[in-house]
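The file work06.txt contains compact mmCIF, C-alpha atoms:
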# COMPACT_ATOMS: atom_id res chain seq x y z
CA MET A 1 3.13 47.84 -15.66
CA GLU A 2 6.38 46.07 -16.48
CA ASN A 3 6.19 42.31 -15.97
CA LYS A 4 9.61 41.16 -17.17
CA LYS A 5 12.85 40.67 -15.29
CA ILE A 6 16.04 40.42 -17.36
CA MET A 7 18.66 37.88 -16.37
CA ASN A 8 22.39 38.58 -16.48
CA SER A 9 22.66 36.66 -19.72
CA SER A 10 21.59 38.60 -22.77
CA SER A 11 20.31 35.45 -24.49
CA THR A 12 17.50 34.57 -22.10
CA GLN A 13 14.70 36.31 -20.30
CA ILE A 14 12.57 35.44 -17.29
CA ILE A 15 8.92 36.42 -17.42
CA GLU A 16 6.96 36.78 -14.21
CA LEU A 17 3.26 37.56 -14.36
CA ASN A 18 2.12 40.41 -12.17
CA PRO A 19 -0.97 39.85 -10.01
CA GLU A 20 -2.98 41.77 -12.60
CA LEU A 21 -1.74 39.57 -15.41
CA ARG A 22 -2.10 36.34 -13.44
CA ASN A 23 -5.84 36.88 -13.61
CA ILE A 24 -5.82 36.08 -17.33
CA GLY A 25 -5.34 32.44 -16.48
CA PHE A 26 -7.18 31.79 -13.25
CA ALA A 27 -9.27 28.66 -13.23
CA ASP A 28 -12.69 28.56 -11.63
CA GLY A 29 -11.79 28.37 -7.97
CA VAL A 30 -8.49 30.19 -7.59
CA ASN A 31 -7.68 31.47 -4.12
CA ILE A 32 -8.69 35.13 -3.89
CA ASN A 33 -5.97 35.79 -1.32
CA GLY A 34 -3.22 35.04 -3.83
CA VAL A 35 0.08 33.35 -3.07
CA LEU A 36 0.36 31.85 0.42
CA THR A 37 3.43 31.58 2.62
CA ASP A 38 4.41 28.22 4.13
CA GLU A 39 3.00 29.40 7.47
CA GLN A 40 -0.31 30.33 5.86
CA LYS A 41 -0.48 26.95 4.14
CA LEU A 42 0.04 25.16 7.46
CA GLU A 43 -2.69 27.23 9.05
CA MET A 44 -5.03 26.45 6.15
CA ILE A 45 -4.28 22.73 6.43
CA GLU A 46 -5.06 22.73 10.15
CA LYS A 47 -8.38 24.53 9.63
CA ALA A 48 -9.35 22.36 6.66
CA ALA A 49 -8.54 19.16 8.57
CA ILE A 50 -10.95 20.15 11.33
CA LYS A 51 -13.71 20.87 8.82
CA PHE A 52 -13.10 17.64 6.91
CA GLY A 53 -13.36 15.72 10.16
CA GLU A 54 -16.74 17.39 10.71
CA PHE A 55 -17.70 16.41 7.16
CA LEU A 56 -16.91 12.77 7.94
CA ASP A 57 -18.89 13.06 11.16
CA ALA A 58 -21.89 14.32 9.17
CA LEU A 59 -21.63 11.23 6.97
CA GLY A 60 -21.70 8.96 10.00
CA CYS A 61 -18.08 7.89 9.66
CA ASP A 62 -16.42 6.76 12.90
CA TRP A 63 -13.04 7.94 11.63
CA LYS A 64 -11.64 8.86 15.04
CA ASN A 65 -11.67 5.22 16.18
CA ASP A 66 -10.54 3.70 12.88
CA PRO A 67 -6.72 3.31 12.80
CA ASN A 68 -6.78 3.65 9.02
CA SER A 69 -8.82 6.87 9.05
CA MET A 70 -7.91 8.75 12.20
CA ASP A 71 -5.34 10.84 10.30
CA THR A 72 -7.41 11.09 7.12
CA PRO A 73 -8.66 14.68 7.63
CA LYS A 74 -5.07 15.93 7.87
CA ARG A 75 -4.01 13.84 4.90
CA VAL A 76 -6.84 15.15 2.75
CA ALA A 77 -6.18 18.77 3.72
CA LYS A 78 -2.48 18.41 2.93
CA ALA A 79 -3.27 16.79 -0.42
CA TYR A 80 -5.47 19.70 -1.44
CA VAL A 81 -3.10 22.46 -0.37
CA ASN A 82 0.20 20.88 -1.41
CA ASP A 83 -0.85 18.89 -4.48
CA LEU A 84 -4.38 18.86 -5.88
CA TRP A 85 -4.97 22.63 -5.60
CA SER A 86 -1.37 23.83 -5.30
CA GLY A 87 -1.84 26.14 -8.30
CA ARG A 88 -4.28 28.21 -6.24
CA TYR A 89 -1.76 28.97 -3.54
CA ASN A 90 1.60 29.13 -5.35
CA ALA A 91 2.96 31.82 -7.64
CA PHE A 92 2.72 31.47 -11.39
CA PRO A 93 5.98 29.78 -12.52
CA LYS A 94 8.79 31.91 -13.86
CA ILE A 95 8.86 31.42 -17.62
CA THR A 96 12.21 31.42 -19.42
CA THR A 97 12.14 32.76 -22.98
CA PHE A 98 14.83 32.79 -25.64
CA PRO A 99 15.51 34.95 -28.71
CA ASN A 100 14.20 33.67 -32.03
CA HIS A 101 16.07 34.97 -35.05
CA GLU A 102 14.84 32.76 -37.90
CA TYR A 103 12.09 30.25 -37.02
CA ASP A 104 8.46 30.97 -37.90
CA GLY A 105 6.98 27.47 -38.03
CA ILE A 106 4.91 25.51 -35.52
CA ILE A 107 6.42 24.77 -32.12
CA PHE A 108 4.60 21.73 -30.73
CA GLU A 109 4.75 19.74 -27.53
CA GLY A 110 2.38 16.84 -27.02
CA ASN A 111 1.37 14.33 -24.37
CA ILE A 112 1.90 16.73 -21.47
CA PRO A 113 0.41 14.96 -18.42
CA ILE A 114 -2.64 16.50 -16.80
CA ILE A 115 -3.84 15.63 -13.31
CA SER A 116 -6.63 17.95 -12.31
CA MET A 117 -9.89 17.99 -10.41
CA CYS A 118 -13.36 18.70 -11.71
CA SER A 119 -15.07 21.66 -10.05
CA HIS A 120 -18.43 19.88 -10.04
CA HIS A 121 -17.76 16.76 -7.97
CA HIS A 122 -14.12 17.15 -6.93
CA GLN A 123 -13.23 14.01 -8.81
CA THR A 124 -10.01 13.60 -10.76
CA ILE A 125 -9.47 14.58 -14.39
CA MET A 126 -6.54 12.70 -15.89
CA GLY A 127 -5.20 12.95 -19.41
CA LYS A 128 -2.80 14.89 -21.58
CA ALA A 129 -2.47 18.25 -23.25
CA HIS A 130 -1.10 19.09 -26.69
CA ILE A 131 0.20 22.61 -27.21
CA ALA A 132 1.43 24.50 -30.26
CA TYR A 133 2.23 28.08 -31.12
CA ILE A 134 3.77 29.96 -34.03
CA PRO A 135 6.30 32.65 -33.11
CA GLN A 136 7.28 35.68 -35.09
CA ILE A 137 10.91 36.07 -36.17
CA ASN A 138 12.79 38.33 -33.76
CA GLN A 139 10.25 37.62 -31.02
CA LYS A 140 10.75 35.43 -27.96
CA ILE A 141 10.06 31.70 -27.77
CA ILE A 142 9.27 29.80 -24.55
CA GLY A 143 11.70 27.35 -23.00
CA LEU A 144 10.23 23.93 -23.79
CA SER A 145 9.85 22.64 -20.22
CA LYS A 146 8.05 25.84 -19.29
CA LEU A 147 5.07 24.73 -21.38
CA ASN A 148 4.83 21.77 -19.00
CA ARG A 149 4.98 24.10 -16.02
CA ILE A 150 2.19 26.28 -17.40
CA VAL A 151 -0.03 23.21 -17.85
CA GLU A 152 0.83 21.90 -14.41
CA HIS A 153 0.10 25.23 -12.73
CA TYR A 154 -3.38 25.60 -14.20
CA ALA A 155 -4.26 21.91 -13.88
CA ARG A 156 -3.50 22.08 -10.16
CA ARG A 157 -6.27 24.57 -9.50
CA GLY A 158 -9.38 22.53 -10.10
CA ALA A 159 -11.61 23.52 -13.00
CA ILE A 160 -13.87 22.13 -15.64
CA GLN A 161 -11.91 20.93 -18.66
CA GLU A 162 -13.38 23.54 -20.97
CA ASN A 163 -12.11 26.38 -18.79
CA LEU A 164 -8.74 24.74 -18.21
CA THR A 165 -8.22 24.59 -21.98
CA VAL A 166 -8.89 28.31 -22.34
CA ARG A 167 -6.69 29.26 -19.37
CA ILE A 168 -3.65 27.44 -20.75
CA HIS A 169 -4.21 28.95 -24.20
CA ASP A 170 -4.58 32.49 -22.86
CA ALA A 171 -1.42 32.30 -20.76
CA ILE A 172 0.71 31.16 -23.72
CA ASN A 173 -0.93 33.73 -25.96
CA LYS A 174 0.02 36.46 -23.48
CA ILE A 175 3.59 35.32 -22.92
CA VAL A 176 4.49 34.78 -26.61
CA GLU A 177 4.03 38.33 -27.78
CA ASN A 178 2.87 38.96 -31.36
CA ASN A 179 2.52 35.23 -32.04
CA LYS A 180 0.82 34.03 -35.22
CA GLY A 181 -1.38 31.51 -33.46
CA VAL A 182 -1.80 29.31 -30.39
CA ALA A 183 -3.44 25.86 -30.21
CA VAL A 184 -4.29 23.84 -27.12
CA MET A 185 -6.02 20.46 -27.09
CA ILE A 186 -6.79 18.41 -23.99
CA GLU A 187 -7.93 14.80 -23.93
CA ALA A 188 -8.85 13.45 -20.50
CA SER A 189 -10.94 10.93 -18.61
CA HIS A 190 -13.23 12.12 -15.84
CA ASN A 191 -13.63 10.05 -12.71
CA CYS A 192 -17.02 11.63 -12.04
CA VAL A 193 -18.29 9.86 -15.17
CA GLN A 194 -16.56 6.58 -14.37
CA CYS A 195 -17.25 6.14 -10.64
CA ARG A 196 -20.64 7.84 -10.15
CA GLY A 197 -23.78 8.60 -12.13
CA VAL A 198 -23.71 6.69 -15.39
CA GLY A 199 -20.54 4.83 -14.33
CA HIS A 200 -19.10 4.38 -17.81
CA GLN A 201 -15.48 3.27 -18.02
CA GLY A 202 -13.06 4.08 -20.82
CA THR A 203 -14.64 7.34 -21.96
CA SER A 204 -12.62 10.49 -22.65
CA MET A 205 -13.36 14.13 -23.35
CA LYS A 206 -11.58 16.30 -25.91
CA THR A 207 -11.49 20.10 -25.86
CA SER A 208 -9.53 22.57 -27.95
CA LYS A 209 -8.85 26.28 -28.23
CA LEU A 210 -7.29 27.51 -31.49
CA THR A 211 -6.53 31.05 -32.61
CA GLY A 212 -4.61 32.82 -35.34
CA GLU A 213 -3.33 30.68 -38.19
CA PHE A 214 -4.64 27.54 -36.51
CA ILE A 215 -8.12 28.87 -37.28
CA GLU A 216 -7.44 30.84 -40.45
CA SER A 217 -5.34 28.24 -42.30
CA ASN A 218 -6.60 24.73 -43.00
CA LYS A 219 -3.01 23.64 -43.68
CA THR A 220 -1.77 24.87 -40.32
CA ARG A 221 -4.74 23.43 -38.43
CA ASN A 222 -4.33 20.05 -40.13
CA GLU A 223 -0.61 20.06 -39.37
CA PHE A 224 -1.36 20.60 -35.69
CA TYR A 225 -3.79 17.68 -35.57
CA GLU A 226 -1.32 15.48 -37.45
CA PHE A 227 1.22 16.29 -34.76
CA VAL A 228 -1.36 15.31 -32.14
CA LYS A 229 -2.08 11.97 -33.83
CA SER A 230 1.59 11.12 -34.28
Target format structure tokens, applied to this file:
Amino acid sequence: MENKKIMNSSSTQIIELNPELRNIGFADGVNINGVLTDEQKLEMIEKAAIKFGEFLDALGCDWKNDPNSMDTPKRVAKAYVNDLWSGRYNAFPKITTFPNHEYDGIIFEGNIPIISMCSHHHQTIMGKAHIAYIPQINQKIIGLSKLNRIVEHYARRGAIQENLTVRIHDAINKIVENNKGVAVMIEASHNCVQCRGVGHQGTSMKTSKLTGEFIESNKTRNEFYEFVKS
């Protein structure tokens, strides 16, 4: 099934992932109902607010009589739908690509902010992603800011970091056809480690997914990690 829409300009292209192709990048808890309308989001927020109020009741919280908490269930529901899990309910971003007539080296973007949520305890994961890929000559390259949008979309679904790393990699690998390699590295701190359980501050977790020349060539892999360090 065709998944590309050509713009009026012959120099750029917009890629939209079909529902079938969107599944290549779904994080753990993506909404099975797909993209929601604004009306459906409002309905979800209203239902979730009621349930969160019941959750607070079960914990013995007198939130209804606390002026600081009486609107908390609605606030929490809105935060999940509109921010923390927005990637579950919104369409995959439209990805602009451009023609590439002569470049076949590494394209790297580092320090892309990540704000996500761990699937295990619903605590925040905060850090940064480093992304690289190697295009073929006469194949498309991704508009730079669209790498940020890909990261943001998947981060805002809630996942474990390992899966998030793979999802971002797989989406880029699919969009950049016939690429010679894709590398994704995420470094992040997990609030579930810092505020509960062992309670250790200042720790971070690193995950990576490398394919193509980033695995097959020591030179290429080392160049990627030098980019990360610099």
Box along x, y and z, 3 Å on every side, all listed atoms of stretch 187-194 of chain A inside: centre and edge lengths in Å to one decimal, as JSON.
{"center_x": -13.1, "center_y": 10.7, "center_z": -18.0, "size_x": 16.4, "size_y": 14.2, "size_z": 17.9}
query = Using only C-alpha atoms, which of the listed residues (A:Ile114, A:Leu164, A:Met205, A:Ile172) sits closest to A:Ile141?
reply =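 For A:Ile141, the nearest of the given residues is A:Ile172.
Comparing A:Ala132, A:Leu59, A:Ala48, A:Ile186 by their smallest distance to A:Ile115, the closest is A:Ile186 (using only C-alpha atoms).
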inquiry  = Given only C-alpha atoms as the basis, pick out the residue of A:Cys118, A:Leu144, A:Ile106, A:Ala171 nearest to A:Tyr225.
reply    =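 Selected residue with least distance to A:Tyr225: A:Ile106.
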inquiry  = Given the point (-3.9, 11.0, -23.4) in the coordinates of this file, which residues lie within 8 Å, counting all atoms listed in the file, and how would they look as a list in words?
reply    =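 Protein, DNA and RNA residues close to (-3.9, 11.0, -23.4): Asn111, Pro113, Gly127, Lys128, Ala129, Ile186, Glu187 and Ala188 of chain A.
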Within 9 Å of A:Pro135 using all atoms listed in the file, minus same-chain residues under 4 positions, as a list in words = Asn100, Tyr103, Asp104, Gly105, Ile106, Ile107, Gln139, Lys140, Ile141, Val176, Glu177, Asn178, Asn179, Lys180 and Gly181 of chain A
Point-to-point distance from atom CA of A:Lys47 to atom CA of A:Ile160, Å rounded to tenths =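 Calculated distance between atom CA of A:Lys47 and atom CA of A:Ile160 is 26.0 Å.
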Write out, as a Markdown table, each residue of stretch 93-198 of chain A that has an atom at most 6 Å from stretch 73-87 of chain A, together with the closest pair of atoms and their distance in Å to one decimal, counting only C-alpha atoms, rows going by chain and rising number.
| residue | atom | partner | partner_atom | distance |
| --- | --- | --- | --- | --- |
| A:His153 | CA | A:Gly87 | CA | 4.9 |
| A:Arg156 | CA | A:Gly87 | CA | 4.8 |
| A:Arg157 | CA | A:Trp85 | CA | 4.5 |
ask   = What is the atom CA of A:Leu42 to atom CA of A:Asn90 distance in Å?
value = 13.5 Å
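Within 9 Å of A:Lys41, once only C-alpha atoms are used and residues closer than 3 positions along the same chain are dropped, the contacting residues are A:Leu36, A:Thr37, A:Asp38, A:Met44, A:Ile45, A:Glu46, A:Lys78, A:Val81, A:Asn82, A:Tyr89.
A straight line drawn from atom CA of A:Leu210 to atom CA of A:Lys174 is 14.1 Å long.
Each of A:Met70, A:Ile134, A:Met126, A:Ile168 was checked against A:Ser204 using only C-alpha atoms; the smallest atom-to-atom distance is that of A:Met126.
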request  = Rank A:Gly34, A:Thr124, A:Asn173, A:Asp62 by their smallest atom-to-atom distance to A:Cys192, using all atoms listed in the file, and report the top residue only.
outcome  =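 Distance minimum relative to A:Cys192 lands on A:Thr124.
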inquiry  = Residues near A:Val193, anyone? I mean within 12 Å using all atoms listed in the file, not counting same-chain ones fewer than 4 positions away, as number ranges by chain.
reply    = A: 118, 120-125, 188-189, 197-205
File of the preceding selection, C-alpha atoms, as a compact mmCIF listing (two decimals), in the coordinates of the input:
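Once written, part38.txt looks like this:
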# COMPACT_ATOMS: atom_id res chain seq x y z
CA CYS A 118 -13.36 18.70 -11.71
CA HIS A 120 -18.43 19.88 -10.04
CA HIS A 121 -17.76 16.76 -7.97
CA HIS A 122 -14.12 17.15 -6.93
CA GLN A 123 -13.23 14.01 -8.81
CA THR A 124 -10.01 13.60 -10.76
CA ILE A 125 -9.47 14.58 -14.39
CA ALA A 188 -8.85 13.45 -20.50
CA SER A 189 -10.94 10.93 -18.61
CA GLY A 197 -23.78 8.60 -12.13
CA VAL A 198 -23.71 6.69 -15.39
CA GLY A 199 -20.54 4.83 -14.33
CA HIS A 200 -19.10 4.38 -17.81
CA GLN A 201 -15.48 3.27 -18.02
CA GLY A 202 -13.06 4.08 -20.82
CA THR A 203 -14.64 7.34 -21.96
CA SER A 204 -12.62 10.49 -22.65
CA MET A 205 -13.36 14.13 -23.35
ask   = In terms of the shortest atom-to-atom distance over all atoms listed in the file, which of A:Thr220, A:Ser119, A:Asn65, A:Thr207 is closest to A:Val166?
value =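 Going through A:Thr220, A:Ser119, A:Asn65, A:Thr207 one by one, the smallest distance to A:Val166 is for A:Thr207.
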